[in-house]
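Coordinates from my_file_3.pdb are shown below (PDB, C-alpha atoms and all ligand atoms).
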```pdb
ATOM      1  CA  MET S   1     262.852  55.966 195.108
ATOM      2  CA  PRO S   2     264.876  58.079 192.634
ATOM      3  CA  LEU S   3     267.554  60.244 194.177
ATOM      4  CA  ASP S   4     266.171  63.766 194.462
ATOM      5  CA  GLU S   5     268.904  66.325 193.781
ATOM      6  CA  LEU S   6     266.711  69.170 194.964
ATOM      7  CA  MET S   7     266.227  67.443 198.310
ATOM      8  CA  VAL S   8     270.018  67.344 198.704
ATOM      9  CA  SER S   9     270.356  71.056 197.960
ATOM     10  CA  GLN S  10     267.413  71.940 200.178
ATOM     11  CA  ALA S  11     268.808  69.889 203.084
ATOM     12  CA  ILE S  12     272.188  71.641 202.861
ATOM     13  CA  ILE S  13     270.679  75.108 202.613
ATOM     14  CA  GLU S  14     268.242  74.571 205.480
ATOM     15  CA  ARG S  15     270.667  72.892 207.866
ATOM     16  CA  PHE S  16     273.448  75.435 207.264
ATOM     17  CA  THR S  17     270.998  78.294 207.712
ATOM     18  CA  GLU S  18     269.813  76.778 211.003
ATOM     19  CA  LYS S  19     273.442  76.517 212.162
ATOM     20  CA  LEU S  20     274.226  80.103 211.197
ATOM     21  CA  LYS S  21     271.033  81.419 212.824
ATOM     22  CA  SER S  22     271.906  79.572 216.033
ATOM     23  CA  ALA S  23     275.245  81.424 216.016
ATOM     24  CA  LEU S  24     273.713  84.909 215.864
ATOM     25  CA  ARG S  25     273.686  85.244 219.665
ATOM     26  CA  LEU S  26     276.734  83.461 220.998
ATOM     27  CA  ASP S  27     278.202  83.148 224.441
ATOM     28  CA  VAL S  28     281.669  82.954 222.913
ATOM     29  CA  ALA S  29     282.862  83.697 219.361
ATOM     30  CA  ILE S  30     286.345  82.419 218.541
ATOM     31  CA  VAL S  31     288.393  83.700 215.617
ATOM     32  CA  GLY S  32     290.770  81.070 214.246
ATOM     33  CA  ALA S  33     290.637  77.260 214.355
ATOM     34  CA  GLY S  34     294.271  76.630 215.253
ATOM     35  CA  PRO S  35     295.143  74.485 218.282
ATOM     36  CA  SER S  36     294.512  77.155 220.927
ATOM     37  CA  GLY S  37     291.150  78.232 219.493
ATOM     38  CA  MET S  38     289.927  74.680 219.014
ATOM     39  CA  VAL S  39     290.920  73.562 222.511
ATOM     40  CA  ALA S  40     289.215  76.634 223.991
ATOM     41  CA  SER S  41     286.058  75.947 221.985
ATOM     42  CA  TYR S  42     285.893  72.366 223.225
ATOM     43  CA  TYR S  43     286.031  73.303 226.922
ATOM     44  CA  LEU S  44     283.481  76.100 226.495
ATOM     45  CA  ALA S  45     280.984  73.974 224.559
ATOM     46  CA  GLN S  46     281.460  71.115 226.978
ATOM     47  CA  ALA S  47     280.445  73.497 229.776
ATOM     48  CA  GLY S  48     277.222  74.198 227.874
ATOM     49  CA  TYR S  49     278.078  77.583 226.323
ATOM     50  CA  ASN S  50     276.932  78.491 222.819
ATOM     51  CA  THR S  51     280.307  78.639 221.091
ATOM     52  CA  ALA S  52     281.325  79.114 217.464
ATOM     53  CA  ILE S  53     284.652  79.256 215.648
ATOM     54  CA  PHE S  54     285.149  81.294 212.493
ATOM     55  CA  GLU S  55     288.052  80.099 210.360
ATOM     56  CA  ARG S  56     289.252  81.824 207.217
ATOM     57  CA  LYS S  57     290.644  78.710 205.566
ATOM     58  CA  LEU S  58     288.862  75.662 204.170
ATOM     59  CA  SER S  59     290.815  73.473 206.600
ATOM     60  CA  ILE S  60     290.714  73.746 210.356
ATOM     61  CA  GLY S  61     293.869  73.180 212.431
ATOM     62  CA  GLY S  62     295.932  76.305 211.732
ATOM     63  CA  GLY S  63     299.651  75.559 212.045
ATOM     64  CA  MET S  64     299.278  72.174 213.722
ATOM     65  CA  TRP S  65     298.933  70.017 210.586
ATOM     66  CA  GLY S  66     302.427  70.946 209.473
ATOM     67  CA  GLY S  67     304.287  69.893 212.668
ATOM     68  CA  GLY S  68     307.762  71.376 212.161
ATOM     69  CA  MET S  69     308.711  72.292 208.609
ATOM     70  CA  MET S  70     306.030  69.893 207.265
ATOM     71  CA  PHE S  71     307.418  66.936 209.277
ATOM     72  CA  ASN S  72     303.919  66.224 210.539
ATOM     73  CA  GLN S  73     304.690  65.306 214.127
ATOM     74  CA  ILE S  74     304.148  67.640 217.055
ATOM     75  CA  VAL S  75     306.149  67.843 220.272
ATOM     76  CA  VAL S  76     304.379  68.496 223.548
ATOM     77  CA  GLN S  77     306.255  68.882 226.823
ATOM     78  CA  LYS S  78     305.088  67.051 229.939
ATOM     79  CA  GLU S  79     302.971  69.974 231.236
ATOM     80  CA  GLY S  80     300.798  69.831 228.116
ATOM     81  CA  LYS S  81     300.545  66.049 227.841
ATOM     82  CA  ARG S  82     297.565  66.039 230.212
ATOM     83  CA  ILE S  83     295.513  67.740 227.501
ATOM     84  CA  LEU S  84     296.503  65.194 224.856
ATOM     85  CA  ASP S  85     295.395  62.512 227.339
ATOM     86  CA  GLU S  86     292.070  64.256 227.968
ATOM     87  CA  PHE S  87     291.363  64.270 224.232
ATOM     88  CA  GLY S  88     292.517  60.657 223.840
ATOM     89  CA  ILE S  89     295.411  61.560 221.520
ATOM     90  CA  LYS S  90     298.304  59.100 221.580
ATOM     91  CA  ALA S  91     301.371  60.737 223.200
ATOM     92  CA  VAL S  92     304.648  58.849 222.777
ATOM     93  CA  PRO S  93     307.439  59.594 225.286
ATOM     94  CA  TYR S  94     310.547  60.778 223.469
ATOM     95  CA  ASN S  95     313.248  60.872 226.153
ATOM     96  CA  ASP S  96     313.950  58.682 229.176
ATOM     97  CA  ASN S  97     312.755  61.096 231.840
ATOM     98  CA  GLU S  98     309.526  61.783 229.896
ATOM     99  CA  GLU S  99     309.979  65.523 229.447
ATOM    100  CA  TYR S 100     309.015  65.486 225.755
ATOM    101  CA  PHE S 101     306.255  63.609 224.008
ATOM    102  CA  THR S 102     305.438  63.366 220.321
ATOM    103  CA  ALA S 103     302.021  63.034 218.746
ATOM    104  CA  ASP S 104     300.891  62.616 215.173
ATOM    105  CA  ALA S 105     299.962  66.088 213.905
ATOM    106  CA  VAL S 106     297.094  64.760 211.801
ATOM    107  CA  GLU S 107     295.674  62.743 214.704
ATOM    108  CA  ALA S 108     296.023  65.678 217.104
ATOM    109  CA  THR S 109     294.344  68.136 214.734
ATOM    110  CA  THR S 110     291.464  65.913 213.692
ATOM    111  CA  VAL S 111     290.716  64.510 217.152
ATOM    112  CA  ILE S 112     290.626  67.960 218.781
ATOM    113  CA  CYS S 113     288.307  69.194 216.039
ATOM    114  CA  ALA S 114     286.079  66.110 216.202
ATOM    115  CA  LYS S 115     285.757  66.379 219.995
ATOM    116  CA  ALA S 116     284.973  70.088 219.693
ATOM    117  CA  CYS S 117     282.236  69.424 217.102
ATOM    118  CA  GLN S 118     280.786  66.606 219.197
ATOM    119  CA  ALA S 119     280.765  68.889 222.260
ATOM    120  CA  GLY S 120     278.550  71.258 220.253
ATOM    121  CA  VAL S 121     280.971  73.830 218.822
ATOM    122  CA  LYS S 122     279.689  75.360 215.589
ATOM    123  CA  VAL S 123     282.637  75.488 213.213
ATOM    124  CA  PHE S 124     282.352  77.887 210.281
ATOM    125  CA  ASN S 125     285.202  77.407 207.847
ATOM    126  CA  CYS S 126     285.784  79.658 204.821
ATOM    127  CA  ILE S 127     284.515  82.605 206.875
ATOM    128  CA  SER S 128     286.828  85.512 207.705
ATOM    129  CA  VAL S 129     286.413  87.976 210.520
ATOM    130  CA  GLU S 130     286.895  91.442 209.105
ATOM    131  CA  ASP S 131     285.857  93.603 212.068
ATOM    132  CA  VAL S 132     284.358  93.611 215.559
ATOM    133  CA  VAL S 133     281.085  94.990 216.910
ATOM    134  CA  VAL S 134     281.535  97.473 219.773
ATOM    135  CA  ARG S 135     279.317  99.104 222.377
ATOM    136  CA  GLU S 136     280.669 101.744 224.748
ATOM    137  CA  GLY S 137     284.300 100.652 224.703
ATOM    138  CA  ARG S 138     283.602  96.923 224.755
ATOM    139  CA  VAL S 139     283.728  94.266 222.044
ATOM    140  CA  CYS S 140     280.390  92.465 221.758
ATOM    141  CA  GLY S 141     280.444  90.685 218.428
ATOM    142  CA  LEU S 142     282.093  89.982 215.092
ATOM    143  CA  VAL S 143     281.707  91.191 211.533
ATOM    144  CA  ILE S 144     282.028  88.190 209.214
ATOM    145  CA  ASN S 145     282.214  87.549 205.503
ATOM    146  CA  TRP S 146     282.987  84.655 203.152
ATOM    147  CA  SER S 147     286.734  84.222 202.701
ATOM    148  CA  PRO S 148     286.364  84.088 198.885
ATOM    149  CA  VAL S 149     284.746  87.539 199.080
ATOM    150  CA  GLU S 150     287.750  88.774 201.052
ATOM    151  CA  MET S 151     290.230  87.045 198.708
ATOM    152  CA  THR S 152     288.676  88.365 195.507
ATOM    153  CA  GLY S 153     288.060  91.842 196.896
ATOM    154  CA  LEU S 154     284.370  91.767 195.920
ATOM    155  CA  HIS S 155     282.364  94.633 197.312
ATOM    156  CA  VAL S 156     279.921  92.524 199.326
ATOM    157  CA  ASP S 157     278.789  93.735 202.727
ATOM    158  CA  PRO S 158     279.290  91.428 205.717
ATOM    159  CA  LEU S 159     276.961  89.957 208.335
ATOM    160  CA  VAL S 160     277.181  90.328 212.106
ATOM    161  CA  VAL S 161     277.064  87.947 215.072
ATOM    162  CA  ARG S 162     276.806  89.026 218.708
ATOM    163  CA  ALA S 163     278.820  87.379 221.485
ATOM    164  CA  GLN S 164     279.238  87.913 225.209
ATOM    165  CA  TYR S 165     282.960  87.277 224.734
ATOM    166  CA  VAL S 166     285.306  87.082 221.765
ATOM    167  CA  ILE S 167     288.605  85.189 221.594
ATOM    168  CA  ASP S 168     291.375  86.252 219.231
ATOM    169  CA  ALA S 169     293.019  82.921 218.333
ATOM    170  CA  THR S 170     294.419  84.117 215.014
ATOM    171  CA  GLY S 171     298.026  83.085 215.744
ATOM    172  CA  HIS S 172     301.092  85.106 214.772
ATOM    173  CA  THR S 173     299.079  87.760 212.937
ATOM    174  CA  THR S 174     296.881  88.605 215.963
ATOM    175  CA  GLU S 175     294.414  90.015 213.470
ATOM    176  CA  VAL S 176     291.451  90.948 215.606
ATOM    177  CA  MET S 177     293.547  92.883 218.111
ATOM    178  CA  LYS S 178     295.228  94.718 215.231
ATOM    179  CA  ILE S 179     291.808  95.789 213.939
ATOM    180  CA  ILE S 180     290.840  97.094 217.390
ATOM    181  CA  GLU S 181     294.156  98.936 217.783
ATOM    182  CA  ARG S 182     293.806 100.531 214.352
ATOM    183  CA  LYS S 183     290.146 101.460 214.502
ATOM    184  CA  MET S 184     289.271 102.189 218.108
ATOM    185  CA  GLY S 185     292.117 104.553 218.957
ATOM    186  CA  GLU S 186     291.888 103.541 222.619
ATOM    187  CA  ARG S 187     294.376 101.907 224.970
ATOM    188  CA  LEU S 188     294.541  98.121 224.882
ATOM    189  CA  LEU S 189     295.049  96.282 228.200
ATOM    190  CA  THR S 190     298.768  95.879 227.420
ATOM    191  CA  PRO S 191     301.688  97.691 229.116
ATOM    192  CA  SER S 192     302.057 100.256 226.311
ATOM    193  CA  GLY S 193     298.359 100.340 225.408
ATOM    194  CA  LYS S 194     299.341  99.045 221.936
ATOM    195  CA  ILE S 195     300.112  95.606 220.520
ATOM    196  CA  GLU S 196     303.563  94.868 221.923
ATOM    197  CA  GLY S 197     304.565  92.587 219.011
ATOM    198  CA  GLU S 198     306.058  89.123 218.713
ATOM    199  CA  LYS S 199     309.757  88.624 219.483
ATOM    200  CA  SER S 200     312.216  86.129 217.956
ATOM    201  CA  LEU S 201     312.497  82.521 219.056
ATOM    202  CA  TRP S 202     313.175  81.557 222.709
ATOM    203  CA  ALA S 203     311.157  78.427 223.339
ATOM    204  CA  GLU S 204     311.463  78.119 227.128
ATOM    205  CA  ILE S 205     310.295  81.648 227.897
ATOM    206  CA  ALA S 206     307.754  81.618 225.078
ATOM    207  CA  GLU S 207     306.004  78.502 226.328
ATOM    208  CA  THR S 208     305.532  79.939 229.832
ATOM    209  CA  THR S 209     304.491  83.369 228.675
ATOM    210  CA  THR S 210     301.959  81.976 226.177
ATOM    211  CA  VAL S 211     299.925  80.853 229.163
ATOM    212  CA  GLU S 212     300.648  83.973 231.262
ATOM    213  CA  ASN S 213     299.672  86.247 228.363
ATOM    214  CA  THR S 214     296.381  84.451 227.862
ATOM    215  CA  LYS S 215     294.030  87.111 229.186
ATOM    216  CA  GLU S 216     291.699  89.943 228.316
ATOM    217  CA  ALA S 217     293.411  92.363 225.935
ATOM    218  CA  TYR S 218     290.555  94.849 225.484
ATOM    219  CA  PRO S 219     287.185  94.786 227.234
ATOM    220  CA  GLY S 220     285.237  91.798 225.925
ATOM    221  CA  ILE S 221     288.089  90.163 223.982
ATOM    222  CA  PHE S 222     290.687  87.657 225.196
ATOM    223  CA  VAL S 223     293.821  86.491 223.398
ATOM    224  CA  THR S 224     295.089  82.911 223.254
ATOM    225  CA  GLY S 225     297.951  80.968 221.627
ATOM    226  CA  MET S 226     300.462  82.854 219.512
ATOM    227  CA  ALA S 227     298.112  85.854 219.464
ATOM    228  CA  ALA S 228     298.639  86.137 223.239
ATOM    229  CA  ASN S 229     302.421  86.384 222.876
ATOM    230  CA  ALA S 230     302.143  88.745 219.918
ATOM    231  CA  THR S 231     299.738  91.029 221.785
ATOM    232  CA  PHE S 232     301.650  91.109 225.044
ATOM    233  CA  GLY S 233     305.134  91.062 223.492
ATOM    234  CA  SER S 234     306.821  87.736 224.028
ATOM    235  CA  TYR S 235     308.885  85.241 222.067
ATOM    236  CA  ARG S 236     307.945  82.547 219.566
ATOM    237  CA  MET S 237     308.661  78.926 220.474
ATOM    238  CA  GLY S 238     308.978  76.985 217.229
ATOM    239  CA  PRO S 239     307.146  73.703 216.691
ATOM    240  CA  ILE S 240     306.214  72.817 220.268
ATOM    241  CA  PHE S 241     302.522  72.820 221.075
ATOM    242  CA  GLY S 242     302.075  72.384 224.851
ATOM    243  CA  GLY S 243     301.697  76.127 225.394
ATOM    244  CA  MET S 244     299.012  76.344 222.683
ATOM    245  CA  LEU S 245     296.937  73.586 224.295
ATOM    246  CA  LEU S 246     297.343  75.000 227.816
ATOM    247  CA  SER S 247     296.540  78.508 226.614
ATOM    248  CA  GLY S 248     293.315  77.242 225.019
ATOM    249  CA  GLU S 249     292.369  75.563 228.270
ATOM    250  CA  LYS S 250     293.168  78.713 230.287
ATOM    251  CA  VAL S 251     291.182  81.103 228.108
ATOM    252  CA  ALA S 252     288.159  78.805 228.385
ATOM    253  CA  GLN S 253     288.492  78.794 232.198
ATOM    254  CA  LEU S 254     288.788  82.600 232.375
ATOM    255  CA  ILE S 255     285.744  83.146 230.165
ATOM    256  CA  LYS S 256     283.681  80.538 231.997
ATOM    257  CA  GLN S 257     284.326  82.487 235.238
ATOM    258  CA  ARG S 258     283.229  85.738 233.581
ATOM    259  CA  LEU S 259     280.103  84.168 232.137
ATOM    260  CA  VAL S 260     279.164  82.848 235.570
ATOM    261  CA  GLU S 261     279.720  86.333 237.078
ATOM    262  CA  ARG S 262     277.514  87.937 234.383
ATOM    263  CA  THR S 263     274.496  85.700 235.123
TER     264      THR S 263
HETATM  265  C1  LIG S 301     289.178  83.951 210.469
HETATM  266  C2  LIG S 301     291.435  83.716 210.839
HETATM  267  C3  LIG S 301     291.615  85.116 210.757
HETATM  268  C4  LIG S 301     290.461  85.912 210.507
HETATM  269  C5  LIG S 301     293.555  84.219 211.114
HETATM  270  O1  LIG S 301     298.215  80.045 213.696
HETATM  271  P1  LIG S 301     297.301  79.127 214.403
HETATM  272  O2  LIG S 301     297.633  77.685 214.383
HETATM  273  O3  LIG S 301     297.094  79.683 215.895
HETATM  274  P2  LIG S 301     297.489  79.164 217.375
HETATM  275  O4  LIG S 301     297.936  80.349 218.105
HETATM  276  O5  LIG S 301     296.386  78.368 217.940
HETATM  277  O6  LIG S 301     298.709  78.170 217.156
HETATM  278  C6  LIG S 301     299.940  78.657 216.755
HETATM  279  C7  LIG S 301     300.775  77.515 216.142
HETATM  280  O7  LIG S 301     300.072  76.914 215.074
HETATM  281  C8  LIG S 301     302.052  78.114 215.665
HETATM  282  O8  LIG S 301     302.012  78.766 214.622
HETATM  283  C9  LIG S 301     303.232  78.032 216.476
HETATM  284  C10 LIG S 301     303.278  77.216 217.704
HETATM  285  N1  LIG S 301     304.265  78.736 216.085
HETATM  286  C11 LIG S 301     305.492  78.903 216.775
HETATM  287  C12 LIG S 301     306.550  79.505 215.888
HETATM  288  O9  LIG S 301     307.607  79.865 216.449
HETATM  289  O10 LIG S 301     306.340  79.638 214.663
HETATM  290  O11 LIG S 301     295.835  79.277 213.793
HETATM  291  C13 LIG S 301     295.255  80.546 213.588
HETATM  292  C14 LIG S 301     294.075  80.374 212.658
HETATM  293  C15 LIG S 301     294.505  80.036 211.219
HETATM  294  O12 LIG S 301     293.874  78.852 210.813
HETATM  295  C16 LIG S 301     294.051  81.237 210.396
HETATM  296  O13 LIG S 301     293.598  80.897 209.114
HETATM  297  C17 LIG S 301     292.928  81.785 211.260
HETATM  298  O14 LIG S 301     293.385  81.605 212.584
HETATM  299  N2  LIG S 301     292.663  83.209 211.066
HETATM  300  N3  LIG S 301     290.249  83.146 210.717
HETATM  301  N4  LIG S 301     289.259  85.307 210.371
HETATM  302  N5  LIG S 301     290.542  87.256 210.402
HETATM  303  N6  LIG S 301     292.943  85.396 210.944
END
```
What is this structure when it is put down as structure tokens?
Amino acid sequence: MPLDELMVSQAIIERFTEKLKSALRLDVAIVGAGPSGMVASYYLAQAGYNTAIFERKLSIGGGMWGGGMMFNQIVVQKEGKRILDEFGIKAVPYNDNEEYFTADAVEATTVICAKACQAGVKVFNCISVEDVVVREGRVCGLVINWSPVEMTGLHVDPLVVRAQYVIDATGHTTEVMKIIERKMGERLLTPSGKIEGEKSLWAEIAETTTVENTKEAYPGIFVTGMAANATFGSYRMGPIFGGMLLSGEKVAQLIKQRLVERT
């Protein structure tokens, strides 16, 4: 049988459209496919929730591919190693008392993403989140557009997806929370009611507070990973990833509880 080019195009168009349509009413919409967002998506999809990630870039993985200064190894302290084990990522002890472990950044990124996809997460790369949908002081969806539209500044209107909960996993830039702060003119669930802002590097405090700061930051939206520390005003930690993995796990747990309470 001759290869039918139109069949190839038709298959892509139909299957992608099905995927996008199935993401119109989500349980959880995650912005950003860095380590915290991807880990969160895995646990939520594994629990049976309709979960999608929207990632601006062509590649998933956020800052994890690059390890530290493009030395593509990541360091995870012993508290976070459990998550590497759960995903089946090889963790190599670095010091005698097994406080620090290293993992290959490429293996860690690709395995987490593969497990998330296999658990049922719908990953949409090359799509940027440009706004949120609100109802009576609560976030209930995302406004999305192709990243090339955003990058070229074309005047093309976006589409909308609804979600019971949204996660801002956009890293240092904490983009979704910044949009809410700028546009809604209401108090965020932070001490000052505003985004507190990221502080300089103090790894020990930063790693603990990344998990503590993983919580709801405005009704309907939770923050995870670096976005949690930027929103609630803590330090950066440099190239250590345990806090990112644990924060992703925590945000999934918190949202699972809420989803159970809502049913
Ligand atoms: C769609 C978007 C949008 C948008 C951004 O930066 P990330 O890797 O995020 P985390 O928090 O999971 O991990 C942080 C870690 O990588 C890191 O930078 C560390 C540990 N730094 C410490 C230090 O001291 O420097 O990923 C965020 C992702 C990226 O892929 C962005 O492209 C994406 O979010 N993103 N996607 N719509 N509006 N904004």
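Nearest residue to Tyr100 in chain S among S:Ser9, S:Arg25, S:Gly242, S:Ile127 is S:Gly242, counting all atoms listed in the file.
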My list of candidates is S:Val106, S:Ala230, S:Ile240, S:Val129. Which is closest to Gln77 in chain S when distances are computed with all atoms listed in the file? S:Ile240
Please write out the residues within 6 Å of ligand LIG 301 (chain S) as a PyMOL selection string, counting all atoms listed in the file. chain S and resi 31-37+54-57+61-64+128-130+169-172+175+225-227+236-241+244
Go through the shown structure with the PyMOL selection byres (((chain S and resi 212) around 10) and not hetatm) and write out the matching residues as a ChimeraX atom specification. /S:206-211,213-215,224,228-229,232,243,247,250
Name the residues captured by the PyMOL selection byres (((chain S and resi 258-261) around 10) and not hetatm) when it is applied to the shown file; answer as a PyMOL selection string. chain S and resi 27-28+49+164-165+220+252-257+262-263
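Note on the selection: in this file the PyMOL selection byres (((chain S and resi 79) around 9) and not hetatm) comes out as Val76, Gln77, Lys78, Gly80, Lys81, Arg82, Ile83, Glu99, Gly242, Gly243 and Leu246 of chain S.
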Pull C-alpha atoms from the residues just selected and write them as a PDB file, in the coordinates of the input.
```
ATOM      1  CA  VAL S  76     304.379  68.496 223.548  1.00  0.00           C
ATOM      2  CA  GLN S  77     306.255  68.882 226.823  1.00  0.00           C
ATOM      3  CA  LYS S  78     305.088  67.051 229.939  1.00  0.00           C
ATOM      4  CA  GLY S  80     300.798  69.831 228.116  1.00  0.00           C
ATOM      5  CA  LYS S  81     300.545  66.049 227.841  1.00  0.00           C
ATOM      6  CA  ARG S  82     297.565  66.039 230.212  1.00  0.00           C
ATOM      7  CA  ILE S  83     295.513  67.740 227.501  1.00  0.00           C
ATOM      8  CA  GLU S  99     309.979  65.523 229.447  1.00  0.00           C
ATOM      9  CA  GLY S 242     302.075  72.384 224.851  1.00  0.00           C
ATOM     10  CA  GLY S 243     301.697  76.127 225.394  1.00  0.00           C
ATOM     11  CA  LEU S 246     297.343  75.000 227.816  1.00  0.00           C
TER      12      LEU S 246
END
```
The distance between CA of Ile89 in chain S and CA of Ala103 in chain S is 7.3 Å
Surrounding residues of Ile144 in chain S excluding itself and chain neighbours under 2 positions, 12 Å, all atoms listed in the file, as a ChimeraX atom specification: /S:20,23-24,29-31,53-56,124-133,141-142,146-150,156-162,176
Emit the selected residues as a compact mmCIF listing (two decimals), in the frame of the given file, including C-alpha atoms.
```txt
# COMPACT_ATOMS: atom_id res chain seq x y z
CA LEU S 20 274.23 80.10 211.20
CA ALA S 23 275.24 81.42 216.02
CA LEU S 24 273.71 84.91 215.86
CA ALA S 29 282.86 83.70 219.36
CA ILE S 30 286.35 82.42 218.54
CA VAL S 31 288.39 83.70 215.62
CA ILE S 53 284.65 79.26 215.65
CA PHE S 54 285.15 81.29 212.49
CA GLU S 55 288.05 80.10 210.36
CA ARG S 56 289.25 81.82 207.22
CA PHE S 124 282.35 77.89 210.28
CA ASN S 125 285.20 77.41 207.85
CA CYS S 126 285.78 79.66 204.82
CA ILE S 127 284.52 82.60 206.88
CA SER S 128 286.83 85.51 207.70
CA VAL S 129 286.41 87.98 210.52
CA GLU S 130 286.90 91.44 209.10
CA ASP S 131 285.86 93.60 212.07
CA VAL S 132 284.36 93.61 215.56
CA VAL S 133 281.08 94.99 216.91
CA GLY S 141 280.44 90.68 218.43
CA LEU S 142 282.09 89.98 215.09
CA TRP S 146 282.99 84.66 203.15
CA SER S 147 286.73 84.22 202.70
CA PRO S 148 286.36 84.09 198.88
CA VAL S 149 284.75 87.54 199.08
CA GLU S 150 287.75 88.77 201.05
CA VAL S 156 279.92 92.52 199.33
CA ASP S 157 278.79 93.74 202.73
CA PRO S 158 279.29 91.43 205.72
CA LEU S 159 276.96 89.96 208.34
CA VAL S 160 277.18 90.33 212.11
CA VAL S 161 277.06 87.95 215.07
CA ARG S 162 276.81 89.03 218.71
CA VAL S 176 291.45 90.95 215.61
```
Length of the CA of Asp104 in chain S to CA of Gly248 in chain S vector [Å]: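 One can read the CA of Asp104 in chain S to CA of Gly248 in chain S distance as 19.2 Å.
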